[in-house]
>>> print(open('data.cif').read())   # mmCIF, C-alpha atoms
data_target
loop_
_atom_site.label_atom_id
_atom_site.label_comp_id
_atom_site.auth_asym_id
_atom_site.auth_seq_id
_atom_site.Cartn_x
_atom_site.Cartn_y
_atom_site.Cartn_z
CA MET A 152 159.71 147.86 44.99
CA ARG A 153 160.93 145.00 47.20
CA VAL A 154 158.85 141.84 46.67
CA LEU A 155 158.67 138.58 48.63
CA LEU A 156 157.40 135.48 46.80
CA VAL A 157 156.42 132.55 49.02
CA GLY A 158 156.82 129.01 47.70
CA SER A 159 159.16 126.61 45.95
CA GLY A 160 157.44 124.92 42.99
CA GLY A 161 157.14 125.29 39.25
CA ARG A 162 154.32 127.79 39.61
CA GLU A 163 156.54 129.93 41.85
CA HIS A 164 159.41 129.79 39.35
CA ALA A 165 157.07 130.97 36.59
CA LEU A 166 155.83 133.80 38.81
CA ALA A 167 159.39 134.75 39.80
CA TRP A 168 160.44 134.74 36.14
CA ALA A 169 157.57 137.08 35.26
CA LEU A 170 157.96 139.33 38.31
CA ALA A 171 161.68 139.74 37.61
CA LYS A 172 160.80 141.51 34.35
CA SER A 173 158.78 144.26 36.05
CA PRO A 174 160.18 147.80 35.85
CA LEU A 175 158.60 148.36 39.27
CA LEU A 176 160.86 145.75 40.88
CA THR A 177 164.01 146.63 42.77
CA LYS A 178 164.49 143.38 44.73
CA LEU A 179 162.90 139.94 44.45
CA VAL A 180 163.23 137.48 47.33
CA CYS A 181 161.74 133.98 47.43
CA ALA A 182 161.19 131.78 50.48
CA PRO A 183 162.29 129.07 50.23
CA GLY A 184 162.62 128.88 46.41
CA ASN A 185 164.43 126.26 44.35
CA ALA A 186 167.45 125.96 42.07
CA GLY A 187 165.67 127.62 39.15
CA ILE A 188 164.17 130.47 41.16
CA ALA A 189 167.66 131.21 42.49
CA GLN A 190 168.60 132.29 38.96
CA VAL A 191 166.17 135.26 39.08
CA ALA A 192 165.69 135.93 42.81
CA GLU A 193 167.47 135.77 46.14
CA CYS A 194 166.31 132.62 47.92
CA VAL A 195 166.10 132.51 51.72
CA PRO A 196 165.72 129.22 53.65
CA ILE A 197 162.46 130.04 55.40
CA PRO A 198 159.79 127.32 55.05
CA ALA A 199 156.53 128.47 53.48
CA THR A 200 154.82 127.01 56.55
CA ASP A 201 156.65 129.26 59.06
CA PHE A 202 154.31 132.25 59.00
CA ALA A 203 155.92 134.05 61.94
CA ALA A 204 159.39 133.82 60.40
CA LEU A 205 158.10 135.01 57.02
CA ALA A 206 156.41 138.03 58.58
CA ALA A 207 159.48 138.88 60.66
CA PHE A 208 161.72 138.61 57.59
CA ALA A 209 159.39 140.79 55.54
CA VAL A 210 159.34 143.52 58.17
CA GLU A 211 163.09 143.38 58.82
CA ASN A 212 163.89 143.50 55.11
CA ARG A 213 161.41 146.27 54.29
CA ILE A 214 159.34 144.15 51.90
CA ASP A 215 156.78 146.29 50.05
CA PHE A 216 154.60 143.51 48.65
CA ALA A 217 154.26 139.76 49.15
CA VAL A 218 152.93 137.21 46.66
CA ILE A 219 151.52 134.06 48.28
CA ALA A 220 151.45 131.45 45.56
CA ALA A 221 150.11 128.24 47.10
CA ASP A 222 146.76 127.07 48.41
CA ALA A 223 147.94 125.69 51.75
CA GLN A 224 149.37 129.02 52.89
CA LEU A 225 146.33 131.01 51.76
CA VAL A 226 143.85 128.65 53.40
CA ALA A 227 145.88 128.66 56.63
CA GLY A 228 145.91 132.48 56.75
CA LEU A 229 149.37 133.69 55.70
CA TRP A 230 147.76 136.73 54.02
CA ASP A 231 146.26 137.76 57.35
CA VAL A 232 149.58 137.32 59.19
CA LEU A 233 151.53 139.40 56.67
CA GLU A 234 148.90 142.13 56.45
CA ALA A 235 148.78 142.34 60.27
CA ALA A 236 152.55 142.91 60.17
CA GLY A 237 152.04 145.80 57.75
CA ILE A 238 153.06 143.91 54.58
CA ARG A 239 150.73 144.40 51.61
CA SER A 240 150.06 140.98 50.10
CA LEU A 241 148.26 139.27 47.25
CA GLY A 242 145.30 137.55 48.90
CA PRO A 243 142.76 136.24 49.45
CA SER A 244 142.36 136.40 53.23
CA LYS A 245 141.94 133.23 55.25
CA ALA A 246 138.19 133.80 55.42
CA ALA A 247 137.87 134.27 51.65
CA ALA A 248 140.25 131.38 50.88
CA VAL A 249 137.39 129.06 51.89
CA LEU A 250 136.76 129.27 48.14
CA GLU A 251 139.46 126.61 47.86
CA GLY A 252 139.53 125.31 51.41
CA SER A 253 136.07 123.75 51.31
CA LYS A 254 134.56 122.08 48.26
CA GLY A 255 131.25 121.86 50.09
CA PHE A 256 131.21 125.62 50.69
CA VAL A 257 131.73 126.24 46.98
CA LYS A 258 128.92 123.89 46.02
CA ASP A 259 126.57 125.67 48.43
CA LEU A 260 127.71 129.02 47.02
CA CYS A 261 126.78 127.82 43.53
CA ILE A 262 123.23 127.13 44.66
CA GLU A 263 122.98 130.53 46.37
CA ALA A 264 124.37 132.44 43.38
CA GLY A 265 122.72 130.41 40.59
CA ILE A 266 126.05 129.12 39.24
CA PRO A 267 125.72 125.94 37.12
CA THR A 268 127.28 122.86 38.75
CA ALA A 269 126.70 119.14 39.28
CA ALA A 270 124.04 117.77 41.64
CA TYR A 271 125.62 117.02 45.02
CA ARG A 272 125.27 116.57 48.77
CA ARG A 273 127.70 117.03 51.68
CA PHE A 274 128.32 114.25 54.23
CA THR A 275 130.07 113.70 57.56
CA ALA A 276 129.36 109.95 57.82
CA PRO A 277 129.80 107.09 55.34
CA ASP A 278 126.44 105.27 55.29
CA ALA A 279 124.37 108.23 54.11
CA ALA A 280 127.05 109.11 51.56
CA LYS A 281 126.95 105.61 50.10
CA ALA A 282 123.17 105.67 49.87
CA PHE A 283 123.18 109.02 48.07
CA ALA A 284 125.86 107.83 45.62
CA GLU A 285 123.52 105.01 44.60
CA THR A 286 120.73 107.48 43.82
CA LEU A 287 123.03 109.37 41.45
CA GLY A 288 124.10 106.26 39.58
CA TYR A 289 127.60 105.44 38.35
CA PRO A 290 130.15 106.69 37.64
CA VAL A 291 129.97 109.03 40.62
CA VAL A 292 132.43 111.59 41.99
CA ILE A 293 133.69 111.49 45.58
CA LYS A 294 135.57 114.57 46.83
CA ALA A 295 137.39 115.28 50.07
CA ASP A 296 136.08 118.62 51.32
CA GLY A 297 139.47 120.12 52.15
CA LEU A 298 142.89 120.46 50.52
CA ALA A 299 144.49 117.25 49.29
CA ALA A 300 147.32 118.44 47.02
CA GLY A 301 145.16 118.08 43.92
CA LYS A 302 144.53 114.40 44.59
CA GLY A 303 141.36 114.50 46.71
CA VAL A 304 138.90 113.54 43.96
CA ILE A 305 137.99 109.94 43.12
CA ILE A 306 135.78 108.98 40.18
CA ALA A 307 134.12 105.71 41.13
CA ALA A 308 132.95 103.49 38.28
CA ASP A 309 130.56 101.37 40.35
CA LYS A 310 129.17 100.80 43.85
CA VAL A 311 132.21 98.84 45.01
CA GLU A 312 134.59 101.62 44.05
CA ALA A 313 132.31 104.30 45.47
CA ASP A 314 131.97 102.57 48.83
CA LYS A 315 135.72 102.00 48.95
CA ALA A 316 136.45 105.65 48.15
CA ILE A 317 134.01 106.90 50.78
CA ASP A 318 135.48 104.60 53.44
CA PHE A 319 139.01 105.60 52.42
CA MET A 320 138.27 109.28 52.94
CA PHE A 321 136.44 108.90 56.23
CA GLU A 322 139.18 106.61 57.54
CA GLY A 323 141.76 109.35 57.00
CA GLY A 324 143.08 108.53 53.55
CA PHE A 325 143.44 112.26 52.87
CA GLY A 326 144.01 113.24 56.49
CA ASP A 327 141.78 115.94 57.91
CA SER A 328 140.68 116.88 54.39
CA GLY A 329 138.29 113.93 54.29
CA HIS A 330 136.44 114.47 57.58
CA GLU A 331 133.67 115.86 55.40
CA ILE A 332 133.10 114.78 51.81
CA VAL A 333 131.06 115.84 48.80
CA VAL A 334 129.31 113.25 46.66
CA GLU A 335 128.29 114.59 43.26
CA GLU A 336 127.03 113.45 39.92
CA PHE A 337 129.58 112.66 37.24
CA MET A 338 129.73 115.30 34.51
CA ASP A 339 130.55 114.05 31.05
CA GLY A 340 132.53 116.57 29.01
CA GLU A 341 135.87 118.26 28.57
CA GLU A 342 137.54 120.04 31.47
CA ALA A 343 139.34 123.37 31.19
CA SER A 344 140.72 126.06 33.48
CA PHE A 345 139.98 129.78 33.40
CA PHE A 346 141.73 132.45 35.45
CA ALA A 347 140.72 135.91 36.59
CA LEU A 348 141.87 138.60 39.03
CA SER A 349 139.65 140.29 41.60
CA ASP A 350 140.25 143.29 43.87
CA GLY A 351 137.10 142.64 45.87
CA THR A 352 134.95 144.84 43.65
CA HIS A 353 136.32 144.72 40.11
CA VAL A 354 137.28 141.58 38.19
CA ILE A 355 139.30 141.19 35.02
CA PRO A 356 139.86 138.07 32.91
CA LEU A 357 143.31 136.54 32.59
CA ALA A 358 143.35 133.53 30.25
CA GLY A 359 142.24 129.95 29.77
CA ALA A 360 144.31 126.77 29.80
CA GLN A 361 143.90 123.01 29.75
CA ASP A 362 145.64 120.71 32.21
CA HIS A 363 146.46 116.99 31.96
CA LYS A 364 145.78 115.53 35.40
CA ARG A 365 146.28 111.79 34.85
CA VAL A 366 149.77 110.37 35.11
CA GLY A 367 149.77 108.38 31.87
CA ASP A 368 149.42 108.99 28.13
CA GLY A 369 145.83 108.94 26.97
CA ASP A 370 144.65 110.26 30.36
CA VAL A 371 145.03 106.96 32.22
CA GLY A 372 146.26 106.18 35.71
CA PRO A 373 145.88 108.08 38.98
CA ASN A 374 145.32 111.82 39.29
CA THR A 375 148.38 113.96 39.84
CA GLY A 376 149.03 117.63 40.52
CA GLY A 377 149.19 117.98 36.72
CA MET A 378 151.47 116.48 34.05
CA GLY A 379 151.33 119.31 31.51
CA ALA A 380 149.19 122.11 30.15
CA TYR A 381 148.70 124.50 27.26
CA SER A 382 147.16 127.91 26.70
CA PRO A 383 145.01 129.12 25.09
CA ALA A 384 142.63 126.16 25.20
CA PRO A 385 140.56 125.72 22.02
CA VAL A 386 137.72 124.32 24.16
CA LEU A 387 137.45 127.81 25.71
CA PRO A 388 136.94 130.22 22.80
CA PRO A 389 136.39 133.94 23.57
CA SER A 390 132.61 133.42 23.67
CA LEU A 391 132.94 130.82 26.44
CA GLU A 392 135.47 132.95 28.31
CA GLN A 393 132.80 135.65 28.39
CA VAL A 394 130.34 133.11 29.80
CA ALA A 395 132.93 132.16 32.41
CA MET A 396 133.17 135.78 33.50
CA GLU A 397 129.46 136.60 33.49
CA GLN A 398 127.96 133.35 34.81
CA PHE A 399 130.71 132.19 37.16
CA ILE A 400 133.43 134.68 38.13
CA LYS A 401 131.38 137.86 38.62
CA PRO A 402 128.54 136.17 40.57
CA THR A 403 131.13 134.51 42.82
CA VAL A 404 132.90 137.77 43.66
CA ALA A 405 129.53 139.45 44.22
CA ALA A 406 128.44 136.62 46.54
CA PHE A 407 131.62 137.00 48.60
CA ALA A 408 131.11 140.76 48.83
CA ALA A 409 127.54 140.19 50.00
CA LYS A 410 128.89 137.99 52.79
CA GLY A 411 131.27 140.76 53.89
CA LEU A 412 134.26 138.81 52.54
CA PRO A 413 135.86 140.90 49.77
CA TYR A 414 137.76 138.47 47.54
CA MET A 415 141.14 139.90 46.51
CA GLY A 416 143.42 137.76 44.40
CA VAL A 417 143.42 135.05 41.77
CA LEU A 418 140.31 133.05 40.90
CA TYR A 419 141.00 129.71 39.23
CA LEU A 420 137.79 128.36 37.76
CA GLY A 421 137.67 124.68 36.86
CA LEU A 422 134.97 124.17 34.22
CA MET A 423 133.45 121.09 32.67
CA ILE A 424 132.22 121.82 29.14
CA THR A 425 129.18 119.55 28.89
CA LYS A 426 126.54 119.17 26.19
CA ALA A 427 124.27 121.28 28.41
CA GLY A 428 126.88 124.03 28.66
CA PRO A 429 129.72 124.83 31.08
CA LYS A 430 129.39 123.77 34.71
CA LEU A 431 131.65 124.41 37.69
CA VAL A 432 133.95 121.59 38.76
CA GLU A 433 135.87 123.49 41.43
CA TYR A 434 137.36 126.82 42.40
CA ASN A 435 140.93 127.48 43.52
CA ALA A 436 142.27 130.62 45.15
CA ARG A 437 145.59 130.87 43.29
CA PHE A 438 147.26 130.22 39.96
CA GLY A 439 147.22 126.62 38.80
CA ASP A 440 150.31 124.45 38.63
CA PRO A 441 151.21 123.74 35.80
CA GLU A 442 148.78 126.23 34.21
CA CYS A 443 150.76 129.19 35.57
CA GLN A 444 153.75 127.95 33.59
CA VAL A 445 151.87 128.52 30.33
CA LEU A 446 150.09 131.72 31.36
CA MET A 447 153.21 133.66 32.32
CA PRO A 448 155.04 133.24 28.97
CA ARG A 449 151.91 134.51 27.18
CA LEU A 450 151.45 137.57 29.40
CA LYS A 451 152.87 140.71 27.74
CA SER A 452 151.82 143.10 30.50
CA ASP A 453 153.57 143.73 33.82
CA LEU A 454 152.58 140.94 36.24
CA LEU A 455 153.64 142.89 39.32
CA ALA A 456 151.48 145.87 38.33
CA ALA A 457 148.49 143.56 37.85
CA LEU A 458 148.90 141.84 41.23
CA LEU A 459 149.33 145.19 42.96
CA ALA A 460 146.12 146.44 41.36
CA ALA A 461 144.29 143.41 42.76
CA ARG A 462 145.52 144.31 46.26
CA ASN A 463 144.93 148.04 45.90
CA GLY A 464 141.42 147.96 44.43
CA THR A 465 142.38 149.47 41.09
CA LEU A 466 141.78 146.65 38.61
CA ASP A 467 139.24 148.82 36.78
CA LYS A 468 142.17 150.95 35.61
CA LEU A 469 144.15 147.98 34.24
CA ASN A 470 144.31 146.55 30.72
CA LEU A 471 146.27 143.37 30.16
CA GLU A 472 147.87 142.31 26.87
CA TRP A 473 148.50 138.70 25.89
CA ARG A 474 150.64 137.10 23.20
CA GLU A 475 148.72 135.23 20.53
CA ASP A 476 151.31 132.44 20.66
CA VAL A 477 150.42 129.07 22.14
CA ALA A 478 152.37 128.04 25.23
CA LEU A 479 152.72 124.36 26.14
CA THR A 480 154.46 122.84 29.15
CA VAL A 481 155.53 119.25 29.77
CA VAL A 482 156.06 118.11 33.36
CA MET A 483 159.12 115.94 33.84
CA ALA A 484 158.64 113.82 36.96
CA SER A 485 160.54 111.26 39.03
CA LYS A 486 159.74 107.57 38.62
CA GLY A 487 157.04 106.51 41.05
CA TYR A 488 155.18 109.84 41.13
CA PRO A 489 152.40 110.39 42.23
CA GLY A 490 153.42 107.70 44.72
CA SER A 491 156.84 107.35 46.36
CA TYR A 492 159.89 108.31 44.30
CA GLY A 493 163.67 108.56 44.55
CA LYS A 494 165.52 111.78 45.28
CA GLY A 495 168.96 113.24 44.76
CA HIS A 496 169.64 112.26 41.14
CA VAL A 497 171.75 114.73 39.15
CA ILE A 498 169.95 116.48 36.27
CA THR A 499 171.85 117.08 33.02
CA GLY A 500 171.01 118.94 29.80
CA LEU A 501 169.28 121.95 31.35
CA ASP A 502 171.48 124.55 29.65
CA ALA A 503 171.17 122.91 26.23
CA ALA A 504 167.38 122.69 26.54
CA ALA A 505 167.04 126.35 27.57
CA LYS A 506 168.93 127.47 24.45
CA LEU A 507 166.30 126.07 22.08
CA PRO A 508 164.01 128.64 20.39
CA GLY A 509 161.00 129.62 22.48
CA VAL A 510 161.90 127.31 25.39
CA THR A 511 161.93 128.15 29.10
CA VAL A 512 162.56 125.47 31.73
CA PHE A 513 160.78 126.15 35.02
CA HIS A 514 162.06 124.25 38.04
CA ALA A 515 159.69 122.59 40.51
CA GLY A 516 161.38 119.96 42.68
CA THR A 517 165.06 120.86 42.30
CA GLU A 518 167.95 121.78 44.56
CA LYS A 519 171.51 122.94 43.91
CA ARG A 520 174.23 120.80 45.49
CA GLY A 521 177.69 122.06 44.72
CA ASN A 522 177.84 122.52 40.96
CA ASP A 523 174.99 120.08 40.35
CA ILE A 524 171.24 120.52 40.17
CA VAL A 525 169.44 117.49 41.56
CA ALA A 526 165.87 116.19 41.51
CA ILE A 527 164.23 116.25 44.95
CA GLY A 528 160.50 116.27 44.09
CA GLY A 529 157.85 114.22 42.35
CA ARG A 530 157.26 116.85 39.70
CA VAL A 531 160.76 118.14 38.96
CA LEU A 532 160.69 120.37 35.87
CA ASN A 533 158.19 122.16 33.64
CA VAL A 534 159.63 122.30 30.13
CA THR A 535 157.70 125.14 28.48
CA ALA A 536 157.71 126.36 24.88
CA LEU A 537 155.99 129.07 22.88
CA GLY A 538 154.95 128.48 19.27
CA LYS A 539 152.72 129.91 16.59
CA ASP A 540 150.35 126.98 17.19
CA VAL A 541 150.05 123.86 19.34
CA VAL A 542 152.01 121.78 16.84
CA GLN A 543 155.05 124.05 17.00
CA ALA A 544 154.86 124.60 20.76
CA GLN A 545 154.59 120.86 21.39
CA ALA A 546 157.49 120.04 19.06
CA ARG A 547 159.72 122.63 20.73
CA ALA A 548 158.82 121.44 24.24
CA TYR A 549 159.54 117.77 23.50
CA ALA A 550 162.77 118.65 21.68
CA ALA A 551 163.88 120.28 24.94
CA VAL A 552 162.60 117.38 27.06
CA ASP A 553 164.73 114.99 25.03
CA LEU A 554 167.89 116.89 26.02
CA ILE A 555 167.25 116.61 29.77
CA HIS A 556 168.14 113.53 31.78
CA TRP A 557 168.28 112.14 35.31
CA GLU A 558 167.86 108.62 36.65
CA GLY A 559 164.18 107.71 36.72
CA ALA A 560 162.91 110.75 34.78
CA PHE A 561 159.63 110.33 32.89
CA CYS A 562 156.91 112.43 31.29
CA ARG A 563 153.75 112.09 29.29
CA ARG A 564 154.39 112.21 25.55
CA ASP A 565 150.93 113.44 24.52
CA ILE A 566 150.54 116.87 26.14
CA GLY A 567 148.24 118.95 23.95
CA TRP A 568 146.49 115.96 22.36
CA ARG A 569 142.98 117.43 22.65
CA ALA A 570 144.01 120.64 20.89
CA LEU A 571 145.75 118.64 18.16
CA GLN A 572 142.58 116.56 17.65
CA ARG A 573 140.71 119.75 16.88
#
>>> encode(input="data.cif", output="structure tokens")
Amino acid sequence: MRVLLVGSGGREHALAWALAKSPLLTKLVCAPGNAGIAQVAECVPIPATDFAALAAFAVENRIDFAVIAADAQLVAGLWDVLEAAGIRSLGPSKAAAVLEGSKGFVKDLCIEAGIPTAAYRRFTAPDAAKAFAETLGYPVVIKADGLAAGKGVIIAADKVEADKAIDFMFEGGFGDSGHEIVVEEFMDGEEASFFALSDGTHVIPLAGAQDHKRVGDGDVGPNTGGMGAYSPAPVLPPSLEQVAMEQFIKPTVAAFAAKGLPYMGVLYLGLMITKAGPKLVEYNARFGDPECQVLMPRLKSDLLAALLAARNGTLDKLNLEWREDVALTVVMASKGYPGSYGKGHVITGLDAAAKLPGVTVFHAGTEKRGNDIVAIGGRVLNVTALGKDVVQAQARAYAAVDLIHWEGAFCRRDIGWRALQR
């Protein structure tokens, strides 16, 4: 089977690494890919944003199946373009990708389907939003309705911060994503991620993970796309994973089906574990980044077979097996991230790090220039390790991190701290 993977980040490298192991695979191509993906797939210089070129390439190269990894492409309708060209693809469709494309839609869906979530209202003008924020009290959560690269959520500690955040969004701080906003009550608890696959009718659980969104140790500083993760997450024991399936995932898929929008693909459920029980924070329509980088090393089953089943409506015939090991990933980033950062610095130590027991280094923002691999992104590498427990996985990951260098590299040194506390 000839497979096209669309994207270029750490999530895509983890997917490519897992897909490359499938006995069903005959050829793996990635557009545009990165220096790490090039080690397991043929990379072609087609931007993930050029839908027409991707479809033409897929047809010309007899691609049997396409995996669309990122939110922006799904929300903009790449699935629809590829399917119209006769290329089977891992969805969801553009219409169903509203699950991630509009936070307000998801909140309304929760009310319709009886899914637990925070009190909220949607707004298209600042004054009413500010007044409602005051009724909720502080802290309060301000969210851009659309995609904002994982950075469109501001937790405001008081009225001054809330008003500033609301003005920032309506004045274009997150571009078109902030033309509508959601103001919601702050939920006190511990956040975790849970993943499932849907074929539009059947749903199967994948696994849970816990991300570290803040840039600094101790969960301080601005939100990022994610600075590290681990799986499984002790905050999501099997009993809570069952709750996630029955009270969140299944009602969501059923609600989409009732709207005539069969949801085929990955469901990424962001949960807040509160004293009153789990509540929905957000939904995403794809694997998380960096959560994917800890899910793939734990997956024993054939990833390609699972994704095909989601497209073909046969998930009810699939059983997935998972390793009991803990996987932990540390994001190595460029100085200045999540703001502006330098590019083009040569990375050393990658080979030595990859030789350590249980370690896999997934590339995110890298490029090969001559014989060198250089850092070109904010998040550059995901240094991932398997271990019998969090302690061992963390020790192995940081041992590998300490072998890798480039000018301006930094990382958090406390990934996994909540699990270790337990």
>>> atom_distance(input="data.cif", atom1="CA of Gly297 (chain A)", atom2="CA of Ile266 (chain A)")
20.7 Å
>>> residues_around(input="data.cif", residues="Leu170 (chain A)", least_positions_apart="3", cutoff="12 Å", atoms="only C-alpha atoms", output="count of residues only")
37
>>> resolve_selection(input="data.cif", expression="the PyMOL selection byres ((chain A and resi 442) around 8)", output="ChimeraX atom specification")
/A:162,360-362,379-382,438-441,443-446
>>> atom_distance(input="data.cif", atom1="CA of Asp327 (chain A)", atom2="CA of Ala282 (chain A)")
22.7 Å
>>> residues_around(input="data.cif", residues="Gly158 (chain A)", least_positions_apart="4", cutoff="8 Å", atoms="only C-alpha atoms", output="PyMOL selection string")
chain A and resi 163+181-184+199+219-221
>>> resolve_selection(input="data.cif", expression="the PyMOL selection byres ((chain A and resi 500) around 8)", output="list in words")
Ile498, Thr499, Leu501, Asp502, Ala503, Ala504, Leu554, Ile555 and His556 of chain A
